[in-house]
Amino acid sequence: MQILDGKLVSAAIKAELAEQVAQLKAEGKKTPHLAAILVGNNGASETYVASKVKSCAEIGFNSTLLRFDEHISEKHLLDHITSLNENADIDGILVQLPLPKHINEELVINNIDPSKDVDGFHPMNVGKMVSGLPTFIPATPYGIMLMLEHYNIETKGKHAVVIGRSHIVGTPMSILLSRNSNPGNCTVTLTHSQTKNLKELCLQADIIVAAIGKPGFVTADMVKEGAVIIDVGINRIADETKKSGFRLVGDVKFDEVAPKSSYITPVPGGVGLMTIAALLKNTYHAAIGQKG
Ligand code: GUN
């Protein structure tokens with residue numbers, strides 16, 4: 001069993017981006033600039049956005065964090081997005097999800113300029129991705145593809161079972177893995193809450209991507225010997241021994257699944273860090289006017 005080390009791979013990607021940014025600066029070109037919008041006080045969202053902003057600084061990107069009260073009106077939020085769209089210094093815009101219930105997420109995403117949509121959530125970019133055209137790929141599935149590529153994991157002809165059909169992870173993941181590319185060329189089964197024979201399907205999987213947000217959902221009895229396990233879950237579990245009052249666990253019961261796997265991502269230290277690295281890559285591409 002080998003651990004897929006998100007810390008190591010994301011550090012390599014960030015080092016490469018830092019060099020590319022230094023090069024842009026040396027040529028007198030524009031420094032990539034990411035704008036992040038955070039609405040409300042969701043603890044997990046605050047942590048994610050803080051990591052994204054910190055990572056920008058580490059590699060020499062500019063970043064702007066716009067924080068709004070959870071009661072901000074939809075109109076006010078849309079006005080801020082319009083102004084970021086029109087601001088030539090901003091290359092990438094990300095609105096951290098979820099948004100408060102009174103705000104229509106779809107409307108907000110649709111209002112981001114597709115050429116600055118570094119999350120790849122705008123329907124135009126989703127359409128391009130599905131069509132196999134160059135575009136911004138949503139950061140988590142993109143990060144997972146970069147991880148598979150880094151470790152040279154054979155995916156061709158393999159059966160990948162993706163658990164969870166979210167627009168952010170499961171759905172784009174299933175599309176990328178089934179593409180005629182490397183990594184890719186998998187036979188993909190996209191499973192969800194209405195799937196009847198999940199355990200049976202998982203037992204046939206060479207690759208499992210768990211993206212359901214349920215702590216310890218994937219257990220050893222669901223996993224074939226030698227499978228590749230990608231754990232997208234970042235679940236907070238109460239833990240009084242921690243200063244924060246919680247610890248992070250994945251969607252996979254790591255201790256029992258790891259010994260059966262060929263490769264496995266840990267939580268923390270796996271996919272989460274790759275998501276940030278992929279977002280930074282998208283932002284760099286936005287800044288140089290190139291998508292993917
Ligand atoms: N919430 C959970 N994952 C993501 C993500 O990748 N991007 C944004 N903007 N919000 C999220």
# chains A, B, ... in the order shown; residues from 1 in each chain; ligands from 1
>>> select_by_dssp(residues="segment 84-277 of chain A", states="alpha helix (DSSP H)", output="PyMOL selection string")
chain A and resi 84-86+105-110+123-131+139-150+170-178+198-203+254-257+271-277
>>> residues_around(residues="Asp251 of chain A", least_positions_apart="6", cutoff="12 Å", atoms="only C-alpha atoms", output="PyMOL selection string")
chain A and resi 163-164+208-219+229-237+257+265-268+271
>>> residues_near_ligand(ligand="ligand 1", cutoff="10 Å", atoms="only C-alpha atoms and all ligand atoms", output="JSON, numbers by chain")
{"A": [36, 37, 38, 44, 45, 48, 49, 93, 94, 95, 96, 97, 98, 99, 109, 117, 118, 119, 120, 121, 138, 139, 140, 141, 167, 168, 169, 234, 272, 275, 276, 278, 279]}
>>> write_last_selection(atoms="N, CA and C atoms", output="CSV table (one decimal), in the first residue's frame")
chain,number,residue,atom,x,y,z
A,36,ALA,N,-11.6,36.0,-3.8
A,36,ALA,CA,-12.5,35.0,-3.2
A,36,ALA,C,-13.6,35.7,-2.4
A,37,ILE,N,-14.8,35.1,-2.6
A,37,ILE,CA,-15.9,35.7,-1.8
A,37,ILE,C,-16.4,34.7,-0.8
A,38,LEU,N,-16.5,35.2,0.4
A,38,LEU,CA,-17.0,34.3,1.5
A,38,LEU,C,-18.2,35.0,2.2
A,44,ALA,N,-16.0,25.6,8.2
A,44,ALA,CA,-15.3,24.9,7.2
A,44,ALA,C,-15.0,25.8,6.0
A,45,SER,N,-15.9,26.6,5.6
A,45,SER,CA,-15.7,27.5,4.5
A,45,SER,C,-14.6,28.5,4.8
A,48,TYR,N,-11.3,26.8,4.4
A,48,TYR,CA,-10.9,26.6,3.0
A,48,TYR,C,-10.5,27.9,2.4
A,49,VAL,N,-11.3,28.9,2.6
A,49,VAL,CA,-10.9,30.2,1.9
A,49,VAL,C,-9.6,30.7,2.5
A,93,ILE,N,-12.2,34.5,-10.1
A,93,ILE,CA,-13.2,34.8,-9.1
A,93,ILE,C,-13.8,33.4,-8.5
A,94,LEU,N,-13.8,33.3,-7.2
A,94,LEU,CA,-14.4,32.1,-6.6
A,94,LEU,C,-15.3,32.5,-5.5
A,95,VAL,N,-16.5,32.0,-5.6
A,95,VAL,CA,-17.5,32.2,-4.5
A,95,VAL,C,-17.6,30.9,-3.7
A,96,GLN,N,-17.2,31.0,-2.5
A,96,GLN,CA,-17.1,29.7,-1.7
A,96,GLN,C,-18.5,29.3,-1.4
A,97,LEU,N,-18.8,28.0,-1.7
A,97,LEU,CA,-20.1,27.4,-1.5
A,97,LEU,C,-20.0,26.5,-0.2
A,98,PRO,N,-21.1,26.3,0.5
A,98,PRO,CA,-22.5,26.7,0.1
A,98,PRO,C,-22.8,28.2,0.5
A,99,LEU,N,-23.8,28.8,-0.1
A,99,LEU,CA,-24.2,30.1,0.2
A,99,LEU,C,-25.5,30.0,1.1
A,109,ILE,N,-23.5,31.8,-9.6
A,109,ILE,CA,-22.5,31.2,-10.5
A,109,ILE,C,-22.6,31.7,-11.9
A,117,ASP,N,-13.9,32.2,-14.2
A,117,ASP,CA,-14.6,31.2,-13.4
A,117,ASP,C,-13.6,30.1,-13.1
A,118,VAL,N,-12.7,30.4,-12.2
A,118,VAL,CA,-11.6,29.4,-11.9
A,118,VAL,C,-12.1,28.1,-11.2
A,119,ASP,N,-13.3,28.2,-10.7
A,119,ASP,CA,-13.9,26.9,-10.1
A,119,ASP,C,-14.5,26.0,-11.2
A,120,GLY,N,-14.7,26.6,-12.4
A,120,GLY,CA,-15.2,25.8,-13.5
A,120,GLY,C,-16.7,25.4,-13.2
A,121,PHE,N,-17.4,26.2,-12.5
A,121,PHE,CA,-18.8,25.9,-12.2
A,121,PHE,C,-19.8,26.5,-13.2
A,138,PRO,N,-13.2,21.9,-12.6
A,138,PRO,CA,-13.4,22.1,-11.1
A,138,PRO,C,-12.3,21.5,-10.3
A,139,ALA,N,-11.9,22.3,-9.3
A,139,ALA,CA,-10.6,22.1,-8.7
A,139,ALA,C,-10.4,20.7,-8.0
A,140,THR,N,-11.4,20.2,-7.4
A,140,THR,CA,-11.2,18.9,-6.7
A,140,THR,C,-11.0,17.8,-7.7
A,141,PRO,N,-11.9,17.6,-8.7
A,141,PRO,CA,-11.6,16.5,-9.7
A,141,PRO,C,-10.3,16.8,-10.5
A,167,HIS,N,-22.3,18.4,-8.4
A,167,HIS,CA,-21.7,19.1,-9.5
A,167,HIS,C,-20.3,19.5,-9.3
A,168,ILE,N,-19.9,19.6,-8.0
A,168,ILE,CA,-18.6,20.0,-7.7
A,168,ILE,C,-17.5,18.9,-7.8
A,169,VAL,N,-17.9,17.7,-7.4
A,169,VAL,CA,-16.9,16.6,-7.5
A,169,VAL,C,-17.4,15.4,-8.3
A,234,ILE,N,-14.1,15.5,3.7
A,234,ILE,CA,-13.4,16.3,4.8
A,234,ILE,C,-14.5,16.6,5.8
A,272,GLY,N,-7.7,17.3,-0.3
A,272,GLY,CA,-7.9,18.7,0.1
A,272,GLY,C,-6.8,19.7,-0.4
A,275,THR,N,-6.9,20.1,-4.2
A,275,THR,CA,-7.9,21.0,-4.6
A,275,THR,C,-7.3,22.4,-4.7
A,276,ILE,N,-6.6,22.8,-3.7
A,276,ILE,CA,-6.0,24.2,-3.7
A,276,ILE,C,-5.0,24.3,-4.8
A,278,ALA,N,-4.9,22.8,-7.6
A,278,ALA,CA,-5.6,22.8,-8.9
A,278,ALA,C,-6.2,24.2,-9.1
A,279,LEU,N,-6.8,24.8,-8.0
A,279,LEU,CA,-7.4,26.1,-8.1
A,279,LEU,C,-6.3,27.1,-8.5
>>> select_by_dssp(residues="segment 3-203 of chain A", states="strand (DSSP E)", output="VMD selection string")
chain A and resid 3 33 to 39 62 to 68 92 to 95 159 to 163 187 to 191
>>> write_last_selection(atoms="N, CA and C atoms", output="PDB file, in the first residue's frame")
ATOM      1  N   ILE A   3       0.748   5.540   0.224  1.00  0.00           N
ATOM      2  CA  ILE A   3      -0.037   6.740   0.513  1.00  0.00           C
ATOM      3  C   ILE A   3       0.147   7.728  -0.643  1.00  0.00           C
ATOM      4  N   HIS A  33      -4.138  37.239 -10.038  1.00  0.00           N
ATOM      5  CA  HIS A  33      -4.879  37.816  -8.914  1.00  0.00           C
ATOM      6  C   HIS A  33      -6.216  37.068  -8.753  1.00  0.00           C
ATOM      7  N   LEU A  34      -6.368  36.421  -7.624  1.00  0.00           N
ATOM      8  CA  LEU A  34      -7.593  35.664  -7.314  1.00  0.00           C
ATOM      9  C   LEU A  34      -8.461  36.459  -6.339  1.00  0.00           C
ATOM     10  N   ALA A  35      -9.738  36.575  -6.653  1.00  0.00           N
ATOM     11  CA  ALA A  35     -10.684  37.178  -5.706  1.00  0.00           C
ATOM     12  C   ALA A  35     -11.568  36.076  -5.139  1.00  0.00           C
ATOM     13  N   ALA A  36     -11.626  35.990  -3.808  1.00  0.00           N
ATOM     14  CA  ALA A  36     -12.458  34.965  -3.162  1.00  0.00           C
ATOM     15  C   ALA A  36     -13.577  35.667  -2.397  1.00  0.00           C
ATOM     16  N   ILE A  37     -14.775  35.129  -2.555  1.00  0.00           N
ATOM     17  CA  ILE A  37     -15.927  35.692  -1.843  1.00  0.00           C
ATOM     18  C   ILE A  37     -16.404  34.681  -0.808  1.00  0.00           C
ATOM     19  N   LEU A  38     -16.513  35.157   0.419  1.00  0.00           N
ATOM     20  CA  LEU A  38     -16.974  34.298   1.515  1.00  0.00           C
ATOM     21  C   LEU A  38     -18.180  34.973   2.153  1.00  0.00           C
ATOM     22  N   VAL A  39     -19.281  34.252   2.204  1.00  0.00           N
ATOM     23  CA  VAL A  39     -20.502  34.807   2.802  1.00  0.00           C
ATOM     24  C   VAL A  39     -20.819  34.033   4.080  1.00  0.00           C
ATOM     25  N   ASN A  62      -1.416  37.567  -6.225  1.00  0.00           N
ATOM     26  CA  ASN A  62      -2.203  38.497  -5.416  1.00  0.00           C
ATOM     27  C   ASN A  62      -3.548  37.852  -5.118  1.00  0.00           C
ATOM     28  N   SER A  63      -4.122  38.220  -3.988  1.00  0.00           N
ATOM     29  CA  SER A  63      -5.473  37.735  -3.703  1.00  0.00           C
ATOM     30  C   SER A  63      -6.251  38.811  -2.974  1.00  0.00           C
ATOM     31  N   THR A  64      -7.547  38.769  -3.164  1.00  0.00           N
ATOM     32  CA  THR A  64      -8.443  39.683  -2.452  1.00  0.00           C
ATOM     33  C   THR A  64      -9.544  38.832  -1.849  1.00  0.00           C
ATOM     34  N   LEU A  65      -9.752  38.979  -0.564  1.00  0.00           N
ATOM     35  CA  LEU A  65     -10.837  38.240   0.089  1.00  0.00           C
ATOM     36  C   LEU A  65     -11.959  39.221   0.389  1.00  0.00           C
ATOM     37  N   LEU A  66     -13.128  38.934  -0.161  1.00  0.00           N
ATOM     38  CA  LEU A  66     -14.305  39.766   0.140  1.00  0.00           C
ATOM     39  C   LEU A  66     -15.197  38.969   1.078  1.00  0.00           C
ATOM     40  N   ARG A  67     -15.381  39.506   2.270  1.00  0.00           N
ATOM     41  CA  ARG A  67     -16.204  38.819   3.278  1.00  0.00           C
ATOM     42  C   ARG A  67     -17.512  39.554   3.453  1.00  0.00           C
ATOM     43  N   PHE A  68     -18.597  38.795   3.465  1.00  0.00           N
ATOM     44  CA  PHE A  68     -19.902  39.429   3.649  1.00  0.00           C
ATOM     45  C   PHE A  68     -20.680  38.740   4.757  1.00  0.00           C
ATOM     46  N   GLY A  92      -9.200  35.686 -11.503  1.00  0.00           N
ATOM     47  CA  GLY A  92     -10.047  34.563 -11.116  1.00  0.00           C
ATOM     48  C   GLY A  92     -10.999  34.980 -10.014  1.00  0.00           C
ATOM     49  N   ILE A  93     -12.244  34.461 -10.094  1.00  0.00           N
ATOM     50  CA  ILE A  93     -13.243  34.761  -9.066  1.00  0.00           C
ATOM     51  C   ILE A  93     -13.762  33.438  -8.522  1.00  0.00           C
ATOM     52  N   LEU A  94     -13.750  33.318  -7.203  1.00  0.00           N
ATOM     53  CA  LEU A  94     -14.369  32.126  -6.638  1.00  0.00           C
ATOM     54  C   LEU A  94     -15.316  32.519  -5.534  1.00  0.00           C
ATOM     55  N   VAL A  95     -16.515  31.958  -5.591  1.00  0.00           N
ATOM     56  CA  VAL A  95     -17.505  32.184  -4.542  1.00  0.00           C
ATOM     57  C   VAL A  95     -17.570  30.894  -3.736  1.00  0.00           C
ATOM     58  N   HIS A 159     -12.058  -0.123 -13.939  1.00  0.00           N
ATOM     59  CA  HIS A 159     -13.417   0.223 -13.521  1.00  0.00           C
ATOM     60  C   HIS A 159     -13.330   1.185 -12.344  1.00  0.00           C
ATOM     61  N   ALA A 160     -13.803   2.401 -12.566  1.00  0.00           N
ATOM     62  CA  ALA A 160     -13.812   3.400 -11.483  1.00  0.00           C
ATOM     63  C   ALA A 160     -15.236   3.553 -10.973  1.00  0.00           C
ATOM     64  N   VAL A 161     -15.399   3.463  -9.676  1.00  0.00           N
ATOM     65  CA  VAL A 161     -16.706   3.716  -9.071  1.00  0.00           C
ATOM     66  C   VAL A 161     -16.614   5.035  -8.313  1.00  0.00           C
ATOM     67  N   VAL A 162     -17.416   5.993  -8.749  1.00  0.00           N
ATOM     68  CA  VAL A 162     -17.466   7.302  -8.096  1.00  0.00           C
ATOM     69  C   VAL A 162     -18.697   7.307  -7.199  1.00  0.00           C
ATOM     70  N   ILE A 163     -18.501   7.623  -5.926  1.00  0.00           N
ATOM     71  CA  ILE A 163     -19.643   7.644  -5.002  1.00  0.00           C
ATOM     72  C   ILE A 163     -20.006   9.100  -4.722  1.00  0.00           C
ATOM     73  N   THR A 187     -13.731   2.769 -17.272  1.00  0.00           N
ATOM     74  CA  THR A 187     -15.160   2.509 -17.343  1.00  0.00           C
ATOM     75  C   THR A 187     -15.705   3.015 -16.022  1.00  0.00           C
ATOM     76  N   VAL A 188     -16.618   3.975 -16.087  1.00  0.00           N
ATOM     77  CA  VAL A 188     -17.024   4.661 -14.856  1.00  0.00           C
ATOM     78  C   VAL A 188     -18.444   4.291 -14.450  1.00  0.00           C
ATOM     79  N   THR A 189     -18.617   4.020 -13.183  1.00  0.00           N
ATOM     80  CA  THR A 189     -19.956   3.892 -12.607  1.00  0.00           C
ATOM     81  C   THR A 189     -20.130   5.034 -11.627  1.00  0.00           C
ATOM     82  N   LEU A 190     -21.113   5.885 -11.906  1.00  0.00           N
ATOM     83  CA  LEU A 190     -21.390   7.021 -11.013  1.00  0.00           C
ATOM     84  C   LEU A 190     -22.547   6.623 -10.104  1.00  0.00           C
ATOM     85  N   THR A 191     -22.264   6.501  -8.825  1.00  0.00           N
ATOM     86  CA  THR A 191     -23.290   6.030  -7.885  1.00  0.00           C
ATOM     87  C   THR A 191     -23.768   7.187  -7.008  1.00  0.00           C
TER      88      THR A 191
END
>>> atom_distance(atom1="atom CA of Leu203 of chain A", atom2="atom CA of Thr155 of chain A")
16.8 Å
>>> atom_distance(atom1="atom CA of Lys29 of chain A", atom2="atom CA of Asp79 of chain A")
28.7 Å
>>> residues_around(residues="Leu133 of chain A", least_positions_apart="3", cutoff="12 Å", atoms="only C-alpha atoms", output="compact mmCIF listing (two decimals) with C-alpha atoms, in the first residue's frame")
# COMPACT_ATOMS: atom_id res chain seq x y z
CA MET A 124 -20.56 27.44 -20.20
CA ASN A 125 -17.41 25.95 -18.70
CA VAL A 126 -19.23 22.78 -17.62
CA GLY A 127 -20.46 22.46 -21.22
CA LYS A 128 -16.94 22.90 -22.56
CA MET A 129 -15.61 20.31 -20.12
CA VAL A 130 -18.27 17.79 -21.18
CA PHE A 136 -11.38 25.46 -16.21
CA ILE A 137 -11.86 22.04 -14.63
CA LEU A 176 -12.82 13.17 -16.57
CA ARG A 179 -12.32 10.57 -21.16
CA LYS A 291 -7.74 27.64 -19.95
CA GLY A 292 -6.26 24.34 -18.94
>>> atom_distance(atom1="atom CA of Met145 of chain A", atom2="atom CA of Leu107 of chain A")
28.5 Å
>>> closest_residue(among="A:Asn180, A:Ala238, A:Leu146, A:Ala22", to="Gly132 of chain A", atoms="only C-alpha atoms")
A:Asn180
>>> closest_residue(among="A:Ser262, A:Asn41, A:Gln194, A:Ser10", to="Ser55 of chain A", atoms="only C-alpha atoms")
A:Ser10
>>> closest_residue(among="A:Glu149, A:Asp113, A:Glu256, A:Glu225", to="Ala88 of chain A", atoms="only C-alpha atoms")
A:Asp113
>>> residues_around(residues="Leu273 of chain A", least_positions_apart="6", cutoff="9 Å", atoms="only C-alpha atoms", output="PyMOL selection string")
chain A and resi 6-7+9-11+143
